[in-house]
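Trainee: Below is structure08.txt; it holds compact mmCIF, C-alpha atoms.
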```txt
# COMPACT_ATOMS: atom_id res chain seq x y z
CA MET A 202 67.96 119.64 104.49
CA ARG A 203 69.11 122.10 101.86
CA PHE A 204 68.02 125.68 101.29
CA GLU A 205 69.51 128.74 99.62
CA VAL A 206 71.01 131.95 100.93
CA ASP A 207 72.28 134.51 98.41
CA GLY A 208 71.84 131.92 95.67
CA ARG A 209 74.18 129.43 97.33
CA SER A 210 73.22 126.08 98.75
CA VAL A 211 73.27 125.58 102.52
CA LEU A 212 73.35 122.14 104.12
CA ALA A 213 71.72 121.78 107.52
CA ALA A 214 70.78 118.99 109.92
CA THR A 215 67.21 119.01 111.26
CA GLY A 216 67.29 115.92 113.44
CA ALA A 217 65.67 113.94 110.63
CA VAL A 218 62.45 115.90 111.23
CA PRO A 219 61.23 118.27 108.47
CA ILE A 220 60.79 121.83 109.71
CA ASP A 221 57.89 122.58 107.36
CA ARG A 222 55.29 120.26 108.90
CA PRO A 223 51.98 122.12 109.47
CA GLU A 224 51.72 120.83 113.04
CA THR A 225 55.03 122.49 113.99
CA ALA A 226 54.57 125.75 112.13
CA GLU A 227 54.45 127.76 115.37
CA ALA A 228 57.27 125.89 117.12
CA PRO A 229 60.42 127.88 117.98
CA LEU A 230 62.95 127.92 115.16
CA VAL A 231 66.41 127.14 116.57
CA ILE A 232 69.53 127.80 114.49
CA LEU A 233 72.70 126.10 115.77
CA ILE A 234 76.03 127.55 114.63
CA HIS A 235 79.30 125.62 114.82
CA GLY A 236 82.79 126.88 115.60
CA ALA A 237 86.04 127.29 113.67
CA GLY A 238 86.90 124.49 111.26
CA MET A 239 83.85 122.50 112.33
CA ASP A 240 80.44 121.71 110.83
CA ARG A 241 76.83 120.90 111.74
CA THR A 242 77.75 117.49 113.15
CA VAL A 243 79.08 118.97 116.40
CA TRP A 244 75.42 119.47 117.38
CA SER A 245 74.43 115.84 116.81
CA GLN A 246 73.60 115.36 120.50
CA GLN A 247 71.21 118.33 120.47
CA THR A 248 69.65 118.59 117.00
CA ARG A 249 67.60 115.41 117.06
CA TRP A 250 66.57 115.94 120.67
CA LEU A 251 65.39 119.48 119.94
CA ALA A 252 63.51 118.30 116.85
CA HIS A 253 61.55 115.84 118.97
CA HIS A 254 60.91 118.24 121.85
CA GLY A 255 58.82 121.06 120.48
CA THR A 256 61.20 123.00 118.27
CA ARG A 257 62.27 123.23 114.66
CA ALA A 258 66.02 122.61 114.84
CA VAL A 259 68.42 123.65 112.08
CA ALA A 260 72.15 123.03 112.59
CA VAL A 261 73.77 124.83 109.65
CA ASP A 262 77.05 124.38 107.84
CA LEU A 263 78.44 127.90 107.49
CA PRO A 264 79.44 129.02 103.97
CA GLY A 265 82.41 127.02 102.71
CA HIS A 266 82.11 124.54 105.60
CA GLY A 267 80.84 120.98 105.54
CA GLY A 268 78.37 120.59 102.71
CA SER A 269 77.52 124.28 102.18
CA ASP A 270 78.64 126.17 99.11
CA GLY A 271 81.53 128.58 99.48
CA PRO A 272 83.33 130.75 99.58
CA PRO A 273 83.86 131.19 103.33
CA LEU A 274 82.97 134.68 104.51
CA GLY A 275 85.57 137.19 105.64
CA SER A 276 84.46 138.53 109.02
CA ILE A 277 82.26 137.83 112.01
CA PHE A 278 79.98 140.66 110.88
CA GLU A 279 79.58 139.10 107.42
CA LEU A 280 78.70 135.79 109.04
CA ALA A 281 76.21 137.51 111.36
CA THR A 282 74.61 139.13 108.33
CA TRP A 283 74.44 135.69 106.71
CA ILE A 284 72.63 134.34 109.78
CA SER A 285 70.07 137.13 109.44
CA LYS A 286 69.52 135.96 105.87
CA VAL A 287 69.06 132.41 107.14
CA ALA A 288 66.18 133.76 109.22
CA ASP A 289 64.72 135.34 106.09
CA ALA A 290 65.18 132.17 104.05
CA LEU A 291 63.46 130.03 106.68
CA GLY A 292 60.67 132.53 107.17
CA GLY A 293 60.69 133.35 110.83
CA ASP A 294 62.37 134.83 113.87
CA ILE A 295 65.12 132.57 115.15
CA ASN A 296 66.58 131.42 118.43
CA VAL A 297 70.35 131.29 117.94
CA VAL A 298 72.65 128.77 119.63
CA GLY A 299 76.37 129.30 118.94
CA HIS A 300 79.62 127.64 119.94
CA SER A 301 83.02 129.39 119.93
CA MET A 302 83.22 131.25 116.61
CA GLY A 303 79.51 130.52 116.30
CA ALA A 304 78.97 132.25 119.66
CA PHE A 305 80.65 135.40 118.32
CA ILE A 306 78.45 135.18 115.23
CA GLY A 307 75.37 134.84 117.42
CA LEU A 308 76.33 137.82 119.59
CA GLU A 309 76.93 140.01 116.55
CA ALA A 310 73.73 138.87 114.86
CA ALA A 311 71.65 139.56 117.97
CA ALA A 312 73.23 143.02 118.30
CA LYS A 313 72.85 144.05 114.67
CA PHE A 314 69.69 142.19 113.66
CA GLY A 315 67.82 141.97 116.94
CA ASP A 316 64.43 142.20 115.25
CA LYS A 317 65.06 138.70 113.84
CA ILE A 318 66.68 137.11 116.92
CA SER A 319 64.25 135.94 119.61
CA SER A 320 66.89 134.62 122.00
CA LEU A 321 70.53 133.61 122.24
CA VAL A 322 72.53 130.77 123.79
CA VAL A 323 76.33 130.94 123.58
CA MET A 324 79.03 128.57 124.79
CA GLY A 325 82.79 128.13 124.53
CA LEU A 326 83.63 131.83 124.38
CA GLY A 327 85.29 134.73 126.13
CA ALA A 328 85.28 138.46 125.60
CA ALA A 329 88.14 137.85 123.17
CA MET A 330 89.36 134.71 121.46
CA PRO A 331 93.13 134.87 120.89
CA VAL A 332 94.63 131.98 118.95
CA HIS A 333 97.83 130.22 120.02
CA PRO A 334 100.53 131.02 117.41
CA ASP A 335 101.41 127.33 117.02
CA LEU A 336 97.81 126.52 116.15
CA GLN A 337 97.53 129.38 113.67
CA ALA A 338 100.86 128.49 112.04
CA ALA A 339 99.84 124.85 111.59
CA ALA A 340 96.42 125.82 110.23
CA ASP A 341 97.99 128.28 107.78
CA VAL A 342 99.75 125.42 105.98
CA ASP A 343 97.02 122.77 106.51
CA ASP A 344 99.34 120.83 108.81
CA PRO A 345 97.46 117.97 110.57
CA LEU A 346 99.06 119.26 113.76
CA ALA A 347 96.33 121.91 113.84
CA ALA A 348 93.63 119.26 114.25
CA ASP A 349 95.72 117.50 116.89
CA LEU A 350 96.19 120.71 118.87
CA MET A 351 92.53 121.70 118.71
CA ALA A 352 91.25 118.25 119.59
CA GLY A 353 93.66 118.10 122.52
CA TRP A 354 92.93 121.57 123.87
CA MET A 355 89.17 121.73 123.41
CA HIS A 356 88.18 118.85 125.69
CA GLY A 357 88.41 118.35 129.43
CA PRO A 358 90.46 115.57 131.04
CA GLU A 359 87.58 113.09 131.34
CA GLN A 360 86.86 113.24 127.61
CA LYS A 361 90.42 112.26 126.70
CA PHE A 362 90.01 108.75 128.03
CA GLY A 363 87.32 107.37 125.76
CA THR A 364 84.28 109.07 127.26
CA HIS A 365 81.75 109.81 124.51
CA PRO A 366 77.94 109.85 124.55
CA THR A 367 77.95 107.58 121.51
CA PRO A 368 79.30 104.12 122.40
CA GLY A 369 82.49 103.19 120.57
CA MET A 370 83.37 106.77 119.63
CA SER A 371 86.41 108.73 120.78
CA MET A 372 85.78 112.33 121.82
CA THR A 373 89.16 113.66 120.70
CA GLY A 374 89.19 111.35 117.67
CA THR A 375 85.80 112.57 116.50
CA SER A 376 86.81 116.21 116.91
CA ARG A 377 90.06 115.62 115.08
CA ALA A 378 88.27 113.92 112.19
CA VAL A 379 85.81 116.81 111.75
CA ILE A 380 88.62 119.36 111.68
CA GLU A 381 90.77 117.27 109.34
CA THR A 382 87.94 117.07 106.79
CA SER A 383 87.50 120.84 106.76
CA PRO A 384 88.30 122.26 103.29
CA SER A 385 91.80 123.61 102.77
CA GLY A 386 92.32 127.03 104.32
CA VAL A 387 88.99 127.14 106.14
CA LEU A 388 90.33 126.54 109.65
CA ALA A 389 93.11 129.10 109.17
CA GLY A 390 90.62 131.70 108.02
CA ASP A 391 88.21 130.96 110.85
CA LEU A 392 90.92 131.25 113.48
CA LYS A 393 91.96 134.64 112.10
CA LEU A 394 88.35 135.86 112.22
CA CYS A 395 88.10 134.84 115.87
CA ALA A 396 91.39 136.49 116.81
CA GLU A 397 90.52 139.71 114.96
CA TYR A 398 86.99 140.11 116.32
CA ASP A 399 86.92 142.69 119.10
CA GLY A 400 83.21 143.46 119.19
CA ALA A 401 81.90 140.89 121.67
CA VAL A 402 81.58 143.16 124.70
CA ALA A 403 80.16 146.03 122.65
CA ALA A 404 77.60 143.67 121.14
CA ALA A 405 76.71 142.26 124.54
CA THR A 406 75.95 145.69 125.98
CA THR A 407 73.18 146.20 123.41
CA LEU A 408 71.34 142.90 123.84
CA THR A 409 67.87 142.78 125.33
CA CYS A 410 66.80 139.32 124.19
CA PRO A 411 66.87 136.38 126.64
CA THR A 412 70.47 135.16 126.76
CA THR A 413 72.11 132.11 128.31
CA LEU A 414 75.83 131.40 128.60
CA VAL A 415 76.99 127.80 129.02
CA LEU A 416 80.59 127.80 130.20
CA GLY A 417 82.98 124.95 130.85
CA LYS A 418 85.10 125.42 133.95
CA LEU A 419 87.92 123.41 132.32
CA ASP A 420 87.93 125.38 129.07
CA ARG A 421 91.55 125.94 128.01
CA MET A 422 90.83 127.65 124.68
CA THR A 423 88.61 130.36 126.17
CA PRO A 424 89.26 130.13 129.92
CA ARG A 425 86.26 130.66 132.17
CA LYS A 426 87.58 133.97 133.53
CA SER A 427 87.74 135.41 130.01
CA ALA A 428 83.93 135.35 129.85
CA GLN A 429 83.55 137.64 132.85
CA PRO A 430 83.54 140.92 130.87
CA LEU A 431 80.74 139.50 128.72
CA ILE A 432 78.73 138.50 131.76
CA ARG A 433 79.07 142.01 133.18
CA ALA A 434 78.12 143.57 129.84
CA LEU A 435 75.07 141.36 129.42
CA GLY A 436 73.82 141.89 132.94
CA HIS A 437 70.58 139.97 132.45
CA ALA A 438 72.08 136.73 131.14
CA ASN A 439 71.60 133.33 132.73
CA VAL A 440 75.02 131.75 133.36
CA ILE A 441 75.43 127.97 133.56
CA GLU A 442 78.81 126.55 134.58
CA LEU A 443 79.69 122.93 133.84
CA ALA A 444 82.31 121.55 136.20
CA THR A 445 83.78 118.83 133.98
CA SER A 446 83.44 120.45 130.57
CA GLY A 447 86.13 122.06 128.47
CA HIS A 448 85.62 124.17 125.36
CA ALA A 449 82.87 122.07 123.75
CA PRO A 450 80.03 121.53 126.24
CA MET A 451 77.57 120.34 123.57
CA MET A 452 79.85 117.37 122.94
CA GLU A 453 81.26 116.85 126.43
CA GLU A 454 78.11 117.27 128.52
CA PRO A 455 75.30 116.90 125.98
CA GLU A 456 72.56 116.13 128.50
CA ALA A 457 73.38 119.24 130.54
CA VAL A 458 73.35 121.32 127.37
CA ARG A 459 70.01 119.84 126.29
CA THR A 460 68.58 120.73 129.70
CA ALA A 461 69.97 124.25 129.42
CA LEU A 462 68.40 124.67 125.99
CA ALA A 463 65.03 123.39 127.17
CA ASP A 464 65.06 125.73 130.17
CA HIS A 465 66.11 128.64 127.97
CA LEU A 466 63.51 128.01 125.29
CA PHE A 467 60.54 126.97 127.40
CA SER A 468 60.90 128.30 130.94
CA PRO A 469 58.54 131.18 131.85
CA THR A 470 61.49 133.55 132.27
CA GLY A 471 63.59 132.14 129.40
```
Since I need it in another form, could you write the structure as structure tokens?
Mentor:
Amino acid sequence: MRFEVDGRSVLAATGAVPIDRPETAEAPLVILIHGAGMDRTVWSQQTRWLAHHGTRAVAVDLPGHGGSDGPPLGSIFELATWISKVADALGGDINVVGHSMGAFIGLEAAAKFGDKISSLVVMGLGAAMPVHPDLQAAADVDDPLAADLMAGWMHGPEQKFGTHPTPGMSMTGTSRAVIETSPSGVLAGDLKLCAEYDGAVAAATTLTCPTTLVLGKLDRMTPRKSAQPLIRALGHANVIELATSGHAPMMEEPEAVRTALADHLFSPTG
């Protein structure tokens, strides 16, 4: 699916189900936002499932990422503003699902544009997201080491030994390939945005929409304890902890994430 925001083309995955069918016009509109150096494909285990289970699913490529027109935007706030424009372009209030950098974007969007955000699910995040200097240095010069480091750090031990929900695929290999195909300079810029953003807790204190956090206990990029200030600030949030997941629950434990999304979107208290 393609649509326009600010006159620039946006590529999105909809699970091969058009979102403009009359019979689904009232279905929840779910926008899935990827993390640093990634693209819409990280949601492949959720997008199609959501599209066939009572929602309109739209996994977007952020500006300058994947197949979306650039340039990349320069701050988490700018990206949050862009998400609010996605809601306008698609013609409805949105339920935001964000991973890592995408989680920061979702938090900021829900805080600043709450009239457009019906609910929020975030995963792979902490109150802050510092970047290891070796990773930033490699990304700054487009060194393939950056993809190696990220792919190695973002997954739990089980996923490093061939475990993947798609038969024949390597978890770390797939992650590495997505990062390696990111346009020059995009990963470096994204990592800087994450490291510089200090508004997560402040944003969380203002949220009133239903919010769910999905946290991997084996997350080495944003360790589980780093999310605690966010949990305290949110107060009302539902917290789901996945025992064998690292930084990317939607890839590592896709069924658990699908269940969490269904409960969040459709439970009476969600």
Trainee: Using only C-alpha atoms, tabulate the residues of range 247-329 of chain A lying at most 12 Å from any atom of range 380-393 of chain A, each with its closest atom pair and that distance in Å to one decimal, by chain and increasing residue number, as JSON lines.
Mentor:
```
{"residue": "A:Asp262", "atom": "CA", "partner": "A:Ser383", "partner_atom": "CA", "distance": 11.1}
{"residue": "A:Leu263", "atom": "CA", "partner": "A:Val387", "partner_atom": "CA", "distance": 10.7}
{"residue": "A:Pro264", "atom": "CA", "partner": "A:Val387", "partner_atom": "CA", "distance": 10.0}
{"residue": "A:Gly265", "atom": "CA", "partner": "A:Val387", "partner_atom": "CA", "distance": 7.4}
{"residue": "A:His266", "atom": "CA", "partner": "A:Ser383", "partner_atom": "CA", "distance": 6.6}
{"residue": "A:Gly267", "atom": "CA", "partner": "A:Ser383", "partner_atom": "CA", "distance": 6.8}
{"residue": "A:Gly268", "atom": "CA", "partner": "A:Ser383", "partner_atom": "CA", "distance": 10.0}
{"residue": "A:Ser269", "atom": "CA", "partner": "A:Pro384", "partner_atom": "CA", "distance": 11.0}
{"residue": "A:Asp270", "atom": "CA", "partner": "A:Pro384", "partner_atom": "CA", "distance": 11.2}
{"residue": "A:Gly271", "atom": "CA", "partner": "A:Pro384", "partner_atom": "CA", "distance": 10.0}
{"residue": "A:Pro272", "atom": "CA", "partner": "A:Val387", "partner_atom": "CA", "distance": 9.4}
{"residue": "A:Pro273", "atom": "CA", "partner": "A:Val387", "partner_atom": "CA", "distance": 7.1}
{"residue": "A:Leu274", "atom": "CA", "partner": "A:Gly390", "partner_atom": "CA", "distance": 8.9}
{"residue": "A:Gly275", "atom": "CA", "partner": "A:Gly390", "partner_atom": "CA", "distance": 7.8}
{"residue": "A:Ser276", "atom": "CA", "partner": "A:Asp391", "partner_atom": "CA", "distance": 8.6}
{"residue": "A:Ile277", "atom": "CA", "partner": "A:Asp391", "partner_atom": "CA", "distance": 9.2}
{"residue": "A:Leu280", "atom": "CA", "partner": "A:Asp391", "partner_atom": "CA", "distance": 10.8}
{"residue": "A:Ser301", "atom": "CA", "partner": "A:Leu392", "partner_atom": "CA", "distance": 10.4}
{"residue": "A:Met302", "atom": "CA", "partner": "A:Asp391", "partner_atom": "CA", "distance": 7.6}
{"residue": "A:Gly303", "atom": "CA", "partner": "A:Asp391", "partner_atom": "CA", "distance": 10.3}
{"residue": "A:Phe305", "atom": "CA", "partner": "A:Asp391", "partner_atom": "CA", "distance": 11.5}
{"residue": "A:Ile306", "atom": "CA", "partner": "A:Asp391", "partner_atom": "CA", "distance": 11.5}
```
Trainee: Show me, as a list in words, the residues that have an atom within 7 Å of Ser319 in chain A when counting all atoms listed in the file, minus same-chain residues fewer than 5 positions from it.
Mentor: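 Here the qualifying residues turn out to be Asp294, Ile295, Asn296 and Cys410 of chain A.
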Trainee: Go ahead and compute the interatomic distance for CA of Ala310 in chain A and CA of Thr375 in chain A, in Å to one decimal.
Mentor: 29.0 Å
Trainee: Measuring atom to atom with only C-alpha atoms, identify which of A:Val323, A:Ile234, A:Ala312, A:Ala461 is nearest to Ile284 in chain A.
Mentor: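 Under the stated criterion, the closest residue is A:Ile234.
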Trainee: Report the distance between CA of Ala281 in chain A and CA of Glu309 in chain A in Å, rounded to one decimal place.
Mentor: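 Straight-line distance from CA of Ala281 in chain A to CA of Glu309 in chain A works out to 5.8 Å.
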Trainee: What is the CA of Arg421 in chain A to CA of Arg377 in chain A distance in Å?
Mentor: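 About the pair CA of Arg421 in chain A and CA of Arg377 in chain A: they are 16.6 Å apart.
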Trainee: Kindly compute an axis-aligned box around the listed atoms of range 227-234 of chain A, allowing 3 Å on each side, and express its centre and edge lengths in Å to one decimal as AutoDock Vina command-line options.
Mentor:
```
--center_x 65.2 --center_y 126.9 --center_z 116.2 --size_x 27.6 --size_y 8.0 --size_z 9.5
```
Trainee: A:Lys426, A:Leu416, A:Arg257, A:Thr242: which is nearest Pro223 in chain A, counting only C-alpha atoms?
Mentor: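 Closest candidate: A:Arg257.
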Trainee: Closest to Ala252 in chain A among A:Met372, A:Ala228, A:Val218, A:Val440, using all atoms listed in the file?
Mentor: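 Closest residue, counting all atoms listed in the file: A:Val218.
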Trainee: Of the candidates A:Ser320, A:Ser371, A:Ser376, A:Thr412, which one gets nearest to Ala449 in chain A if we count all atoms listed in the file?
Mentor: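 Result for the nearest residue to Ala449 in chain A: A:Ser376.
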Trainee: Which is closest to Ala434 in chain A among A:Val342, A:Ala378, A:Gly327, A:Ala352, if we use all atoms listed in the file?
Mentor: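 Checking each of A:Val342, A:Ala378, A:Gly327, A:Ala352 against Ala434 in chain A, counting all atoms listed in the file, the winner is A:Gly327.
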Trainee: Counting only C-alpha atoms, figure out which residue out of A:Leu414, A:Val458, A:Ile232, A:Val332 gets nearest to Ile432 in chain A.
Mentor: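 Looking only at the distances to Ile432 in chain A, the closest residue turns out to be A:Leu414.
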Trainee: Quick one: residues within 8 Å of Ala214 in chain A, all atoms listed in the file, excluding same-chain residues fewer than 5 positions away - as a tab-separated table (two decimals) with C-alpha atoms, in the coordinates of the input?
Mentor:
```
chain	number	residue	atom	x	y	z
A	202	MET	CA	67.96	119.64	104.49
A	241	ARG	CA	76.83	120.90	111.74
A	242	THR	CA	77.75	117.49	113.15
A	248	THR	CA	69.65	118.59	117.00
A	258	ALA	CA	66.02	122.61	114.84
A	259	VAL	CA	68.42	123.65	112.08
A	260	ALA	CA	72.15	123.03	112.59
A	261	VAL	CA	73.77	124.83	109.65
```
Trainee: I'd like the contact shell of Met330 in chain A - 8 Å cut-off, all atoms listed in the file, skipping same-chain residues fewer than 6 positions apart - returned as a short mmCIF file (atom, residue, chain, number, x, y, z; two decimals) with C-alpha atoms, in the coordinates of the input.
Mentor:
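Saved file result.cif follows:
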```
data_model
loop_
_atom_site.label_atom_id
_atom_site.label_comp_id
_atom_site.auth_asym_id
_atom_site.auth_seq_id
_atom_site.Cartn_x
_atom_site.Cartn_y
_atom_site.Cartn_z
CA CYS A 395 88.10 134.84 115.87
CA ALA A 396 91.39 136.49 116.81
CA TYR A 398 86.99 140.11 116.32
CA MET A 422 90.83 127.65 124.68
CA THR A 423 88.61 130.36 126.17
#
```
Trainee: Around (87.7, 121.5, 129.5), as given in the file, which residues come within 10 Å? Count all atoms listed in the file and list them as a PyMOL selection string.
Mentor: chain A and resi 325+353-360+416-425+443-450+453
Trainee: Could range 228-243 of chain A be completed with N, CA and C atoms and written as a short mmCIF file (atom, residue, chain, number, x, y, z; two decimals), in the frame of the given file, please?
Mentor:
```cif
data_model
loop_
_atom_site.label_atom_id
_atom_site.label_comp_id
_atom_site.auth_asym_id
_atom_site.auth_seq_id
_atom_site.Cartn_x
_atom_site.Cartn_y
_atom_site.Cartn_z
N ALA A 228 56.22 126.28 116.19
CA ALA A 228 57.27 125.89 117.12
C ALA A 228 58.48 126.80 116.98
N PRO A 229 59.21 127.04 118.07
CA PRO A 229 60.42 127.88 117.98
C PRO A 229 61.39 127.35 116.94
N LEU A 230 61.96 128.26 116.17
CA LEU A 230 62.95 127.92 115.16
C LEU A 230 64.33 128.16 115.76
N VAL A 231 65.11 127.09 115.89
CA VAL A 231 66.41 127.14 116.57
C VAL A 231 67.52 126.91 115.55
N ILE A 232 68.40 127.89 115.41
CA ILE A 232 69.53 127.80 114.49
C ILE A 232 70.79 127.56 115.32
N LEU A 233 71.48 126.45 115.03
CA LEU A 233 72.70 126.10 115.77
C LEU A 233 73.91 126.35 114.88
N ILE A 234 74.88 127.09 115.42
CA ILE A 234 76.03 127.55 114.63
C ILE A 234 77.32 126.97 115.21
N HIS A 235 78.06 126.28 114.38
CA HIS A 235 79.30 125.62 114.82
C HIS A 235 80.47 126.60 114.91
N GLY A 236 81.59 126.08 115.42
CA GLY A 236 82.79 126.88 115.60
C GLY A 236 83.79 126.72 114.46
N ALA A 237 84.99 127.23 114.69
CA ALA A 237 86.04 127.29 113.67
C ALA A 237 86.43 125.89 113.18
N GLY A 238 86.45 125.73 111.87
CA GLY A 238 86.90 124.49 111.26
C GLY A 238 85.97 123.32 111.46
N MET A 239 84.78 123.57 112.02
CA MET A 239 83.85 122.50 112.33
C MET A 239 82.68 122.50 111.35
N ASP A 240 81.64 121.73 111.66
CA ASP A 240 80.44 121.71 110.83
C ASP A 240 79.24 121.34 111.69
N ARG A 241 78.10 121.14 111.04
CA ARG A 241 76.83 120.90 111.74
C ARG A 241 76.86 119.69 112.66
N THR A 242 77.76 118.74 112.40
CA THR A 242 77.75 117.49 113.15
C THR A 242 78.12 117.65 114.62
N VAL A 243 78.73 118.78 114.99
CA VAL A 243 79.08 118.97 116.40
C VAL A 243 77.84 119.08 117.27
#
```
